[in-house]
Amino acid sequence: MSGLSRRKRLLVQGATGSIGQSVLDVARRHGDRFQVVGVAARSNLTGLVAAAREFTVQSLAFETGSDSEGARREIEGSGIPHVFSGLNALEEQAANTDYDLLVNAVSGGAGLEPTAAALRRGISVALANKETLVAAGPIVMKMAIDHGAEVLPIDSEHSAIYQCLLGEKLDSIRKIWLTTSGGPFRDFETAELEGVSVERALMHPTWKMGQKITIDSATLFNKGLEVIEANRLFGIPAERIEVVIHRQSVVHSMVEFVDGSIKAQLSVPDMRLPILFALSYPERLKSDLIQTGIEHIRSLTFDPVPSGKFPCLDIAFQALERGGTVPAALSAADEVAVDAFLNHRIRFGNIAKVLQSVLDAWPDEPLDDIITVRRADVAARRLATEAITSLN
Ligand code: NAD
Ligand code: MG
């Protein structure tokens with residue numbers, strides 16, 4: 001898109017969350033390039049209405065059954081031309097709004113249908129919502145190819161890999177090195193992990209994120225989801241993806257090529273960089289947002305993940321190897337388990353036990369379509385809930 005052409009029109013779903021707010025910040029700072037034409041969320045409707053007003057959006061979607069009556073009345077009286085509400089609000093908004101790029105910053109399985117709705121229209125998706133790729137990766141990626149649309153990862157590791165692969169061929173990849181900070185418990189002994197508090201688990205050493213992904217980062221299930229996400233996006237099998245602890249969160253991931261060369265992408269940890277990359281792709285926008293100094297890269301360390309310490313990571317690898325609906329089931333079960341931990345209904349160590357029991361009980365079955373994914377999602381949530389009850 002040249003400087004003279006019109007601004008890229010963004011539909012930002014999950015606009016009130018951690019990533020959503022960073023997306024709005026990038027759009028605000030680069031208002032000459034981006035126009036936010038729609039916003040959507042479930043929580044913080046007051047914040048959603050404020051964003052809608054600031055950007056004078058055309059469309060707003062919110063999941064009903066949530067937040068205050070006052071905010072709801074405010075939405076009704078806001079004069080926004082198109083308001084979508086109800087269970088399928090985000091999908092309907094993605095299917096019926098005029099925009100150039102869907103920015104999917106919703107958390108959890110709810111991100112799938114809007115992504116599919118955009119891709120079916122040939123509209124590209126800047127995707128933070130990794131659960132979409134984990135649960136339905138093969139379906140989503142095929143949809144993108146069939147309709148000539150792109151899936152542009154916002155997850156920092158996958159943005160790094162995407163950037164390392166520019167100008168390269170996928171069959172030139174020997175291995176992907178997926179970096180993780182190691183989360184807040186990287187220096188804890190395995191035995192200490194069982195009963196850590198919610199407050200402690202929410203203290204991530206390098207990133208400030210939504211609650212679900214922060215807990216996933218503490219169990220390292222987030223890294224497991226990212227292994228599956230990398231497999232979906234780049235077609236690399238599990239045995240050629242290595243997770244490595246990199247405490248500084250400066251090297252966002254690395255790609256090793258068949259000749260032995262390794263490329264990495266570096267910056268201070270700030271999600272606005274992968275967001276800016278995805279929003280402006282295939283261009284790179286001039287921006288002074290991110291400044292990485294020598295002090296940030298002076299000392300970079302890489303360590304293996306201690307075996308047996310983070311069972312949720314091993315479970316995710318097993319889910320990818322089994323394939324079919326197993327990743328969808330594990331992703332849904334994890335939402336239930338993390339929610340139970342956040343609400344003090346299970347101990348930290350039991351998150352892995354819930355996932356293991358769903359993995360053990362889950363049948364091998366093919367991943368046919370989105371309906372299959374949804375069915376797996378519902379059944380896995382039920383199994384996870386039963387596992388939680390039996391633990392207590
Ligand atoms: P968050 O909890 O801060 O925000 C989630 C947003 O999605 C909120 O606006 C919420 O209202 C909305 N939402 C959730 N469920 C919804 C539903 N059913 N219908 C409509 N809206 C709904 O989460 P976050 O940290 O911003 O993460 C968002 C996604 O990005 C997740 O998939 C996460 O794994 C991924 N991600 C986040 C980060 C990060 O730094 N926060 C980094 C990489 C990837
Ligand atoms: Mg990540």
# chains A, B, ... in the order shown; residues from 1 in each chain; ligands from 1
$ residues_around --residues "region 174-191 of chain A" --least-positions-apart "3" --cutoff "9 Å" --atoms "only C-alpha atoms" --output "PyMOL selection string"
chain A and resi 157-158+161+171+194-195+200-206+214-220+223+226-227+230+236+239-249+251-260+302+305+308-310
$ select_by_dssp --residues "region 214-267 of chain A" --states "alpha helix (DSSP H)" --output "VMD selection string"
chain A and resid 214 to 219 221 to 234
$ write_last_selection --atoms "all heavy atoms" --output "compact mmCIF listing (two decimals), in the first residue's frame"
# COMPACT_ATOMS: atom_id res chain seq x y z
N THR A 214 -0.88 -15.78 31.03
CA THR A 214 0.15 -15.66 32.08
C THR A 214 0.25 -16.97 32.87
O THR A 214 1.37 -17.44 33.16
CB THR A 214 -0.16 -14.47 33.02
OG1 THR A 214 -0.28 -13.30 32.20
CG2 THR A 214 0.96 -14.24 34.01
N ILE A 215 -0.88 -17.56 33.19
CA ILE A 215 -0.83 -18.87 33.88
C ILE A 215 -0.26 -19.93 32.94
O ILE A 215 0.57 -20.75 33.34
CB ILE A 215 -2.24 -19.28 34.40
CG1 ILE A 215 -2.79 -18.23 35.38
CG2 ILE A 215 -2.19 -20.67 35.05
CD1 ILE A 215 -1.90 -17.94 36.57
N ASP A 216 -0.69 -19.90 31.68
CA ASP A 216 -0.12 -20.85 30.70
C ASP A 216 1.39 -20.68 30.58
O ASP A 216 2.11 -21.64 30.29
CB ASP A 216 -0.74 -20.63 29.31
CG ASP A 216 -2.14 -21.19 29.18
OD1 ASP A 216 -2.55 -22.00 30.03
OD2 ASP A 216 -2.85 -20.81 28.22
N SER A 217 1.88 -19.47 30.78
CA SER A 217 3.33 -19.24 30.70
C SER A 217 4.03 -19.80 31.94
O SER A 217 5.20 -20.16 31.89
CB SER A 217 3.63 -17.74 30.58
OG SER A 217 3.04 -17.25 29.40
N ALA A 218 3.30 -19.86 33.05
CA ALA A 218 3.89 -20.41 34.27
C ALA A 218 3.96 -21.94 34.22
O ALA A 218 4.89 -22.54 34.75
CB ALA A 218 3.08 -19.95 35.48
N THR A 219 2.97 -22.58 33.57
CA THR A 219 3.00 -24.06 33.44
C THR A 219 3.82 -24.49 32.23
O THR A 219 4.10 -25.67 32.06
CB THR A 219 1.58 -24.63 33.24
OG1 THR A 219 1.03 -24.10 32.02
CG2 THR A 219 0.66 -24.30 34.39
N PHE A 221 2.50 -24.51 29.42
CA PHE A 221 1.55 -24.99 28.41
C PHE A 221 1.47 -23.99 27.26
O PHE A 221 1.25 -24.35 26.11
CB PHE A 221 0.15 -25.23 29.02
CG PHE A 221 -0.76 -25.99 28.10
CD1 PHE A 221 -0.49 -27.30 27.75
CD2 PHE A 221 -1.90 -25.39 27.57
CE1 PHE A 221 -1.32 -28.01 26.87
CE2 PHE A 221 -2.75 -26.10 26.70
CZ PHE A 221 -2.45 -27.41 26.36
N ASN A 222 1.67 -22.69 27.59
CA ASN A 222 1.69 -21.69 26.52
C ASN A 222 2.74 -22.05 25.47
O ASN A 222 2.50 -21.94 24.27
CB ASN A 222 1.97 -20.30 27.10
CG ASN A 222 2.05 -19.24 26.02
OD1 ASN A 222 1.13 -19.08 25.23
ND2 ASN A 222 3.17 -18.52 25.94
N LYS A 223 3.91 -22.49 25.93
CA LYS A 223 4.96 -22.85 24.97
C LYS A 223 4.52 -24.08 24.18
O LYS A 223 4.81 -24.20 22.99
CB LYS A 223 6.28 -23.08 25.70
CG LYS A 223 7.51 -22.80 24.90
CD LYS A 223 7.52 -21.49 24.12
CE LYS A 223 7.28 -20.25 24.95
NZ LYS A 223 7.31 -19.01 24.15
N GLY A 224 3.81 -24.99 24.86
CA GLY A 224 3.28 -26.15 24.16
C GLY A 224 2.29 -25.74 23.07
O GLY A 224 2.33 -26.25 21.95
N LEU A 225 1.40 -24.81 23.42
CA LEU A 225 0.45 -24.29 22.40
C LEU A 225 1.23 -23.67 21.24
O LEU A 225 0.86 -23.82 20.08
CB LEU A 225 -0.48 -23.23 23.02
CG LEU A 225 -1.48 -23.70 24.08
CD1 LEU A 225 -2.23 -22.49 24.67
CD2 LEU A 225 -2.50 -24.68 23.50
N GLU A 226 2.33 -23.02 21.58
CA GLU A 226 3.13 -22.35 20.53
C GLU A 226 3.88 -23.35 19.65
O GLU A 226 4.13 -23.07 18.47
CB GLU A 226 4.09 -21.36 21.17
CG GLU A 226 3.34 -20.19 21.79
CD GLU A 226 4.23 -19.09 22.34
OE1 GLU A 226 5.47 -19.24 22.31
OE2 GLU A 226 3.69 -18.08 22.80
N VAL A 227 4.25 -24.49 20.22
CA VAL A 227 4.86 -25.55 19.40
C VAL A 227 3.83 -25.99 18.35
O VAL A 227 4.13 -26.11 17.16
CB VAL A 227 5.29 -26.75 20.29
CG1 VAL A 227 5.64 -27.96 19.43
CG2 VAL A 227 6.47 -26.36 21.17
N ILE A 228 2.60 -26.20 18.81
CA ILE A 228 1.54 -26.63 17.88
C ILE A 228 1.26 -25.52 16.87
O ILE A 228 1.11 -25.77 15.66
CB ILE A 228 0.26 -27.02 18.67
CG1 ILE A 228 0.59 -28.12 19.69
CG2 ILE A 228 -0.84 -27.46 17.70
CD1 ILE A 228 -0.57 -28.50 20.61
N GLU A 229 1.22 -24.27 17.36
CA GLU A 229 0.99 -23.11 16.47
C GLU A 229 2.07 -23.05 15.38
O GLU A 229 1.77 -22.82 14.20
CB GLU A 229 1.01 -21.84 17.33
CG GLU A 229 0.65 -20.56 16.59
CD GLU A 229 0.77 -19.32 17.49
OE1 GLU A 229 1.20 -19.43 18.66
OE2 GLU A 229 0.43 -18.23 17.00
N ALA A 230 3.34 -23.29 15.77
CA ALA A 230 4.44 -23.25 14.79
C ALA A 230 4.27 -24.36 13.76
O ALA A 230 4.50 -24.17 12.56
CB ALA A 230 5.78 -23.38 15.50
N ASN A 231 3.84 -25.52 14.24
CA ASN A 231 3.59 -26.64 13.32
C ASN A 231 2.50 -26.27 12.31
O ASN A 231 2.64 -26.52 11.11
CB ASN A 231 3.18 -27.87 14.13
CG ASN A 231 2.57 -28.95 13.26
OD1 ASN A 231 1.36 -28.97 13.05
ND2 ASN A 231 3.40 -29.82 12.73
N ARG A 232 1.44 -25.64 12.77
CA ARG A 232 0.32 -25.26 11.89
C ARG A 232 0.76 -24.22 10.86
O ARG A 232 0.43 -24.30 9.69
CB ARG A 232 -0.82 -24.63 12.68
CG ARG A 232 -1.58 -25.40 13.71
CD ARG A 232 -1.47 -26.83 13.73
NE ARG A 232 -2.54 -27.39 14.56
CZ ARG A 232 -2.75 -28.68 14.71
NH1 ARG A 232 -1.99 -29.54 14.09
NH2 ARG A 232 -3.73 -29.12 15.48
N LEU A 233 1.51 -23.22 11.34
CA LEU A 233 1.86 -22.09 10.46
C LEU A 233 2.93 -22.47 9.46
O LEU A 233 2.89 -22.03 8.30
CB LEU A 233 2.38 -20.92 11.30
CG LEU A 233 1.33 -20.09 12.05
CD1 LEU A 233 2.01 -19.24 13.10
CD2 LEU A 233 0.54 -19.22 11.09
N PHE A 234 3.92 -23.28 9.90
CA PHE A 234 5.10 -23.48 9.05
C PHE A 234 5.30 -24.93 8.63
O PHE A 234 6.25 -25.24 7.91
CB PHE A 234 6.36 -22.96 9.79
CG PHE A 234 6.18 -21.55 10.30
CD1 PHE A 234 6.13 -21.29 11.66
CD2 PHE A 234 6.05 -20.49 9.42
CE1 PHE A 234 5.95 -19.98 12.14
CE2 PHE A 234 5.86 -19.19 9.89
CZ PHE A 234 5.82 -18.93 11.26
$ residues_around --residues "Ala50 (chain A)" --least-positions-apart "5" --cutoff "12 Å" --atoms "only C-alpha atoms" --output "JSON, numbers by chain"
{"A": [15, 16, 21, 24, 39, 40, 44, 45, 55, 56, 57, 60, 71, 74, 75, 78, 80]}
$ residues_near_ligand --ligand "ligand 1" --cutoff "8 Å" --atoms "only C-alpha atoms and all ligand atoms" --output "ChimeraX atom specification"
/A:13-21,40-44,61-63,87,89-90,104-111,127-132,154-156,207-214,222,271
$ write_last_selection --atoms "C-alpha atoms" --output "short mmCIF file (atom, residue, chain, number, x, y, z; two decimals), in the first residue's frame"
data_model
loop_
_atom_site.label_atom_id
_atom_site.label_comp_id
_atom_site.auth_asym_id
_atom_site.auth_seq_id
_atom_site.Cartn_x
_atom_site.Cartn_y
_atom_site.Cartn_z
CA GLN A 13 -11.61 -8.11 18.15
CA GLY A 14 -10.60 -8.58 21.80
CA ALA A 15 -10.03 -4.81 21.82
CA THR A 16 -10.21 -4.40 25.60
CA GLY A 17 -7.53 -7.00 26.37
CA SER A 18 -3.78 -6.75 26.74
CA ILE A 19 -3.04 -7.35 23.04
CA GLY A 20 -6.15 -5.44 21.92
CA GLN A 21 -5.04 -2.33 23.81
CA ALA A 40 -15.33 -6.24 19.78
CA ALA A 41 -14.93 -7.75 23.25
CA ARG A 42 -16.64 -9.59 26.06
CA SER A 43 -15.26 -7.91 29.16
CA ASN A 44 -14.97 -4.20 30.04
CA ALA A 61 -19.70 -6.42 18.76
CA PHE A 62 -19.99 -7.74 22.28
CA GLU A 63 -20.84 -11.03 23.80
CA LEU A 87 -23.44 -15.62 21.07
CA ALA A 89 -21.69 -11.53 17.60
CA LEU A 90 -17.99 -11.66 16.70
CA ASN A 104 -7.91 -11.28 16.29
CA ALA A 105 -6.86 -10.58 19.89
CA VAL A 106 -9.62 -12.59 21.54
CA SER A 107 -8.47 -15.11 24.12
CA GLY A 108 -9.49 -18.77 24.00
CA GLY A 109 -11.49 -20.90 21.59
CA ALA A 110 -13.98 -18.10 20.81
CA GLY A 111 -11.53 -16.70 18.26
CA LEU A 127 -3.71 -13.52 14.65
CA ALA A 128 -2.80 -13.27 18.32
CA ASN A 129 -5.40 -15.89 19.23
CA LYS A 130 -3.19 -18.99 19.16
CA GLU A 131 -6.00 -21.27 20.35
CA THR A 132 -7.55 -20.91 16.87
CA ILE A 154 1.19 -11.72 16.23
CA ASP A 155 2.58 -14.15 18.77
CA SER A 156 6.14 -12.84 19.16
CA TRP A 207 5.87 -9.93 29.74
CA LYS A 208 2.68 -8.24 30.93
CA MET A 209 -0.26 -10.21 29.52
CA GLY A 210 -3.84 -11.36 30.08
CA GLN A 211 -4.45 -13.78 32.97
CA LYS A 212 -4.98 -16.97 30.98
CA ILE A 213 -1.78 -16.71 28.96
CA THR A 214 0.15 -15.66 32.08
CA ASN A 222 1.69 -21.69 26.52
CA MET A 271 4.20 -6.88 21.78
#
$ residues_around --residues "Ala384 (chain A)" --least-positions-apart "5" --cutoff "12 Å" --atoms "only C-alpha atoms" --output "PyMOL selection string"
chain A and resi 329-340+346+350-362+376-379+389-391
$ write_last_selection --atoms "N, CA and C atoms" --output "short mmCIF file (atom, residue, chain, number, x, y, z; two decimals), in the first residue's frame"
data_model
loop_
_atom_site.label_atom_id
_atom_site.label_comp_id
_atom_site.auth_asym_id
_atom_site.auth_seq_id
_atom_site.Cartn_x
_atom_site.Cartn_y
_atom_site.Cartn_z
N ALA A 329 -9.00 -30.54 22.00
CA ALA A 329 -9.50 -30.98 23.31
C ALA A 329 -8.61 -30.45 24.43
N LEU A 330 -7.30 -30.54 24.23
CA LEU A 330 -6.38 -30.10 25.28
C LEU A 330 -6.45 -28.58 25.48
N SER A 331 -6.60 -27.86 24.39
CA SER A 331 -6.70 -26.40 24.48
C SER A 331 -7.95 -25.99 25.27
N ALA A 332 -9.08 -26.66 24.99
CA ALA A 332 -10.32 -26.36 25.72
C ALA A 332 -10.19 -26.78 27.18
N ALA A 333 -9.62 -27.96 27.43
CA ALA A 333 -9.46 -28.44 28.81
C ALA A 333 -8.59 -27.48 29.61
N ASP A 334 -7.59 -26.93 28.95
CA ASP A 334 -6.69 -26.00 29.63
C ASP A 334 -7.43 -24.73 30.05
N GLU A 335 -8.35 -24.26 29.21
CA GLU A 335 -9.14 -23.06 29.60
C GLU A 335 -9.89 -23.33 30.89
N VAL A 336 -10.47 -24.53 30.99
CA VAL A 336 -11.23 -24.90 32.18
C VAL A 336 -10.30 -25.02 33.39
N ALA A 337 -9.16 -25.68 33.19
CA ALA A 337 -8.23 -25.91 34.31
C ALA A 337 -7.64 -24.59 34.81
N VAL A 338 -7.27 -23.72 33.89
CA VAL A 338 -6.68 -22.42 34.29
C VAL A 338 -7.73 -21.59 35.03
N ASP A 339 -8.95 -21.62 34.54
CA ASP A 339 -10.02 -20.88 35.20
C ASP A 339 -10.22 -21.41 36.63
N ALA A 340 -10.17 -22.73 36.78
CA ALA A 340 -10.33 -23.34 38.12
C ALA A 340 -9.18 -22.92 39.04
N ILE A 346 -8.51 -25.38 42.15
CA ILE A 346 -7.49 -26.45 42.12
C ILE A 346 -6.11 -25.84 42.37
N ASN A 350 -2.21 -29.27 39.84
CA ASN A 350 -3.33 -30.06 39.31
C ASN A 350 -3.75 -29.64 37.91
N ILE A 351 -3.26 -28.50 37.43
CA ILE A 351 -3.57 -28.11 36.04
C ILE A 351 -3.06 -29.23 35.11
N ALA A 352 -1.83 -29.68 35.35
CA ALA A 352 -1.26 -30.75 34.52
C ALA A 352 -2.06 -32.05 34.69
N LYS A 353 -2.53 -32.29 35.91
CA LYS A 353 -3.28 -33.55 36.14
C LYS A 353 -4.60 -33.54 35.36
N VAL A 354 -5.25 -32.37 35.32
CA VAL A 354 -6.50 -32.27 34.56
C VAL A 354 -6.21 -32.52 33.07
N LEU A 355 -5.16 -31.90 32.56
CA LEU A 355 -4.82 -32.07 31.14
C LEU A 355 -4.46 -33.53 30.84
N GLN A 356 -3.70 -34.14 31.76
CA GLN A 356 -3.29 -35.53 31.53
C GLN A 356 -4.53 -36.44 31.50
N SER A 357 -5.50 -36.19 32.37
CA SER A 357 -6.65 -37.09 32.39
C SER A 357 -7.50 -36.92 31.13
N VAL A 358 -7.56 -35.70 30.59
CA VAL A 358 -8.30 -35.50 29.32
C VAL A 358 -7.52 -36.17 28.18
N LEU A 359 -6.21 -36.02 28.19
CA LEU A 359 -5.38 -36.64 27.14
C LEU A 359 -5.56 -38.17 27.16
N ASP A 360 -5.54 -38.75 28.36
CA ASP A 360 -5.65 -40.21 28.48
C ASP A 360 -7.02 -40.72 28.01
N ALA A 361 -8.06 -39.94 28.32
CA ALA A 361 -9.41 -40.41 28.00
C ALA A 361 -9.80 -40.13 26.56
N TRP A 362 -9.06 -39.24 25.89
CA TRP A 362 -9.52 -38.75 24.59
C TRP A 362 -9.32 -39.78 23.47
N ALA A 376 -15.58 -31.31 19.94
CA ALA A 376 -14.44 -31.71 20.79
C ALA A 376 -14.29 -30.72 21.94
N ASP A 377 -14.46 -29.44 21.63
CA ASP A 377 -14.33 -28.38 22.64
C ASP A 377 -15.32 -28.61 23.79
N VAL A 378 -16.57 -28.86 23.44
CA VAL A 378 -17.60 -29.04 24.47
C VAL A 378 -17.32 -30.30 25.29
N ALA A 379 -16.98 -31.40 24.60
CA ALA A 379 -16.75 -32.67 25.31
C ALA A 379 -15.53 -32.56 26.22
N THR A 389 -13.62 -32.01 39.56
CA THR A 389 -14.50 -32.46 40.66
C THR A 389 -13.87 -33.66 41.37
N SER A 390 -13.31 -34.58 40.59
CA SER A 390 -12.76 -35.79 41.23
C SER A 390 -11.46 -35.51 41.98
N LEU A 391 -10.80 -34.38 41.65
CA LEU A 391 -9.57 -34.02 42.36
C LEU A 391 -9.88 -33.44 43.74
#
$ select_by_dssp --residues "region 117-366 of chain A" --states "strand (DSSP E)" --output "PyMOL selection string"
chain A and resi 124-127+151-153+173-180+241-245+251-257+262-266+303-304
$ write_last_selection --atoms "N, CA, C and O atoms" --output "compact mmCIF listing (two decimals), in the first residue's frame"
# COMPACT_ATOMS: atom_id res chain seq x y z
N SER A 124 -7.38 -11.17 5.10
CA SER A 124 -6.29 -11.70 5.92
C SER A 124 -6.54 -11.43 7.41
O SER A 124 -7.29 -10.52 7.77
N VAL A 125 -5.87 -12.25 8.23
CA VAL A 125 -6.06 -12.15 9.68
C VAL A 125 -4.71 -11.99 10.36
O VAL A 125 -3.80 -12.80 10.16
N ALA A 126 -4.57 -10.94 11.16
CA ALA A 126 -3.41 -10.79 12.05
C ALA A 126 -3.82 -11.49 13.34
O ALA A 126 -4.74 -11.04 14.04
N LEU A 127 -3.18 -12.61 13.64
CA LEU A 127 -3.71 -13.52 14.65
C LEU A 127 -2.85 -13.58 15.91
O LEU A 127 -1.73 -14.06 15.89
N VAL A 151 -2.55 -15.64 6.98
CA VAL A 151 -2.62 -15.65 8.44
C VAL A 151 -1.28 -15.10 8.93
O VAL A 151 -0.24 -15.72 8.72
N LEU A 152 -1.32 -13.92 9.53
CA LEU A 152 -0.08 -13.24 9.97
C LEU A 152 0.02 -13.34 11.48
O LEU A 152 -0.80 -12.78 12.20
N PRO A 153 1.01 -14.09 11.98
CA PRO A 153 1.07 -14.30 13.43
C PRO A 153 1.48 -13.04 14.19
O PRO A 153 2.39 -12.32 13.76
N ILE A 173 14.22 -25.40 6.01
CA ILE A 173 14.31 -25.36 7.48
C ILE A 173 14.81 -26.70 8.02
O ILE A 173 14.28 -27.75 7.68
N ARG A 174 15.84 -26.65 8.85
CA ARG A 174 16.28 -27.87 9.56
C ARG A 174 15.54 -27.95 10.89
O ARG A 174 15.07 -29.00 11.29
N LYS A 175 15.42 -26.82 11.55
CA LYS A 175 14.89 -26.86 12.91
C LYS A 175 14.39 -25.47 13.33
O LYS A 175 14.95 -24.46 12.89
N ILE A 176 13.39 -25.44 14.18
CA ILE A 176 12.96 -24.18 14.79
C ILE A 176 13.36 -24.20 16.27
O ILE A 176 13.14 -25.19 16.97
N TRP A 177 13.99 -23.12 16.68
CA TRP A 177 14.34 -22.95 18.10
C TRP A 177 13.33 -21.97 18.68
O TRP A 177 13.36 -20.78 18.38
N LEU A 178 12.42 -22.50 19.50
CA LEU A 178 11.35 -21.68 20.07
C LEU A 178 11.79 -21.21 21.46
O LEU A 178 12.01 -22.05 22.34
N THR A 179 11.91 -19.92 21.65
CA THR A 179 12.42 -19.44 22.93
C THR A 179 11.29 -19.22 23.95
O THR A 179 10.16 -18.86 23.58
N THR A 180 11.61 -19.43 25.22
CA THR A 180 10.69 -19.13 26.32
C THR A 180 11.48 -18.49 27.45
O THR A 180 12.64 -18.87 27.68
N ILE A 241 11.15 -29.12 16.35
CA ILE A 241 10.93 -27.88 17.10
C ILE A 241 11.54 -28.07 18.49
O ILE A 241 11.17 -29.00 19.21
N GLU A 242 12.49 -27.23 18.83
CA GLU A 242 13.12 -27.35 20.15
C GLU A 242 12.81 -26.12 20.99
O GLU A 242 13.02 -24.99 20.54
N VAL A 243 12.32 -26.36 22.19
CA VAL A 243 12.03 -25.26 23.11
C VAL A 243 13.28 -25.00 23.94
O VAL A 243 13.90 -25.93 24.46
N VAL A 244 13.66 -23.73 24.05
CA VAL A 244 14.88 -23.39 24.76
C VAL A 244 14.60 -22.20 25.70
O VAL A 244 13.89 -21.27 25.33
N ILE A 245 15.11 -22.30 26.92
CA ILE A 245 14.90 -21.22 27.89
C ILE A 245 15.87 -20.08 27.60
O ILE A 245 17.09 -20.28 27.55
N VAL A 251 15.67 -12.53 22.17
CA VAL A 251 15.63 -13.35 20.95
C VAL A 251 14.26 -14.01 20.93
O VAL A 251 13.94 -14.84 21.78
N HIS A 252 13.42 -13.63 19.97
CA HIS A 252 12.02 -14.08 20.02
C HIS A 252 11.82 -15.45 19.41
O HIS A 252 10.75 -16.04 19.61
N SER A 253 12.76 -15.95 18.70
CA SER A 253 12.88 -17.34 18.22
C SER A 253 13.94 -17.37 17.14
O SER A 253 14.41 -16.31 16.70
N MET A 254 14.31 -18.59 16.73
CA MET A 254 15.39 -18.72 15.74
C MET A 254 15.00 -19.83 14.75
O MET A 254 14.29 -20.76 15.11
N VAL A 255 15.51 -19.69 13.55
CA VAL A 255 15.32 -20.74 12.55
C VAL A 255 16.70 -21.23 12.11
O VAL A 255 17.56 -20.43 11.75
N GLU A 256 16.88 -22.55 12.18
CA GLU A 256 18.12 -23.15 11.69
C GLU A 256 17.83 -23.75 10.31
O GLU A 256 16.83 -24.45 10.13
N PHE A 257 18.70 -23.45 9.35
CA PHE A 257 18.48 -23.90 7.97
C PHE A 257 19.30 -25.15 7.66
O PHE A 257 20.21 -25.51 8.43
N ILE A 262 21.91 -20.22 11.28
CA ILE A 262 20.78 -19.91 12.16
C ILE A 262 20.47 -18.42 12.06
O ILE A 262 21.37 -17.58 12.18
N LYS A 263 19.18 -18.09 11.84
CA LYS A 263 18.74 -16.69 11.87
C LYS A 263 17.89 -16.47 13.11
O LYS A 263 17.10 -17.36 13.49
N ALA A 264 18.02 -15.29 13.71
CA ALA A 264 17.20 -14.96 14.88
C ALA A 264 16.59 -13.58 14.68
O ALA A 264 17.09 -12.79 13.87
N GLN A 265 15.52 -13.29 15.40
CA GLN A 265 14.95 -11.93 15.39
C GLN A 265 14.98 -11.42 16.83
O GLN A 265 14.59 -12.14 17.75
N LEU A 266 15.48 -10.20 17.02
CA LEU A 266 15.69 -9.65 18.36
C LEU A 266 14.98 -8.31 18.53
O LEU A 266 14.89 -7.53 17.58
N ASP A 303 19.25 -22.01 27.62
CA ASP A 303 19.38 -23.23 28.42
C ASP A 303 18.29 -24.22 28.01
O ASP A 303 17.20 -23.82 27.61
N PRO A 304 18.58 -25.51 28.17
CA PRO A 304 17.53 -26.50 27.88
C PRO A 304 16.43 -26.44 28.94
O PRO A 304 16.67 -25.98 30.06
$ closest_residue --among "A:Ser85, A:Thr46, A:Pro269, A:Pro327" --to "ligand 2" --atoms "only C-alpha atoms and all ligand atoms"
A:Pro269
$ residues_around --residues "region 281-287 of chain A" --least-positions-apart "4" --cutoff "12 Å" --atoms "only C-alpha atoms" --output "PyMOL selection string"
chain A and resi 1-3+8+26-27+29-30+32-34+101+124-126+150-154+159+162-163+166+272-277+291
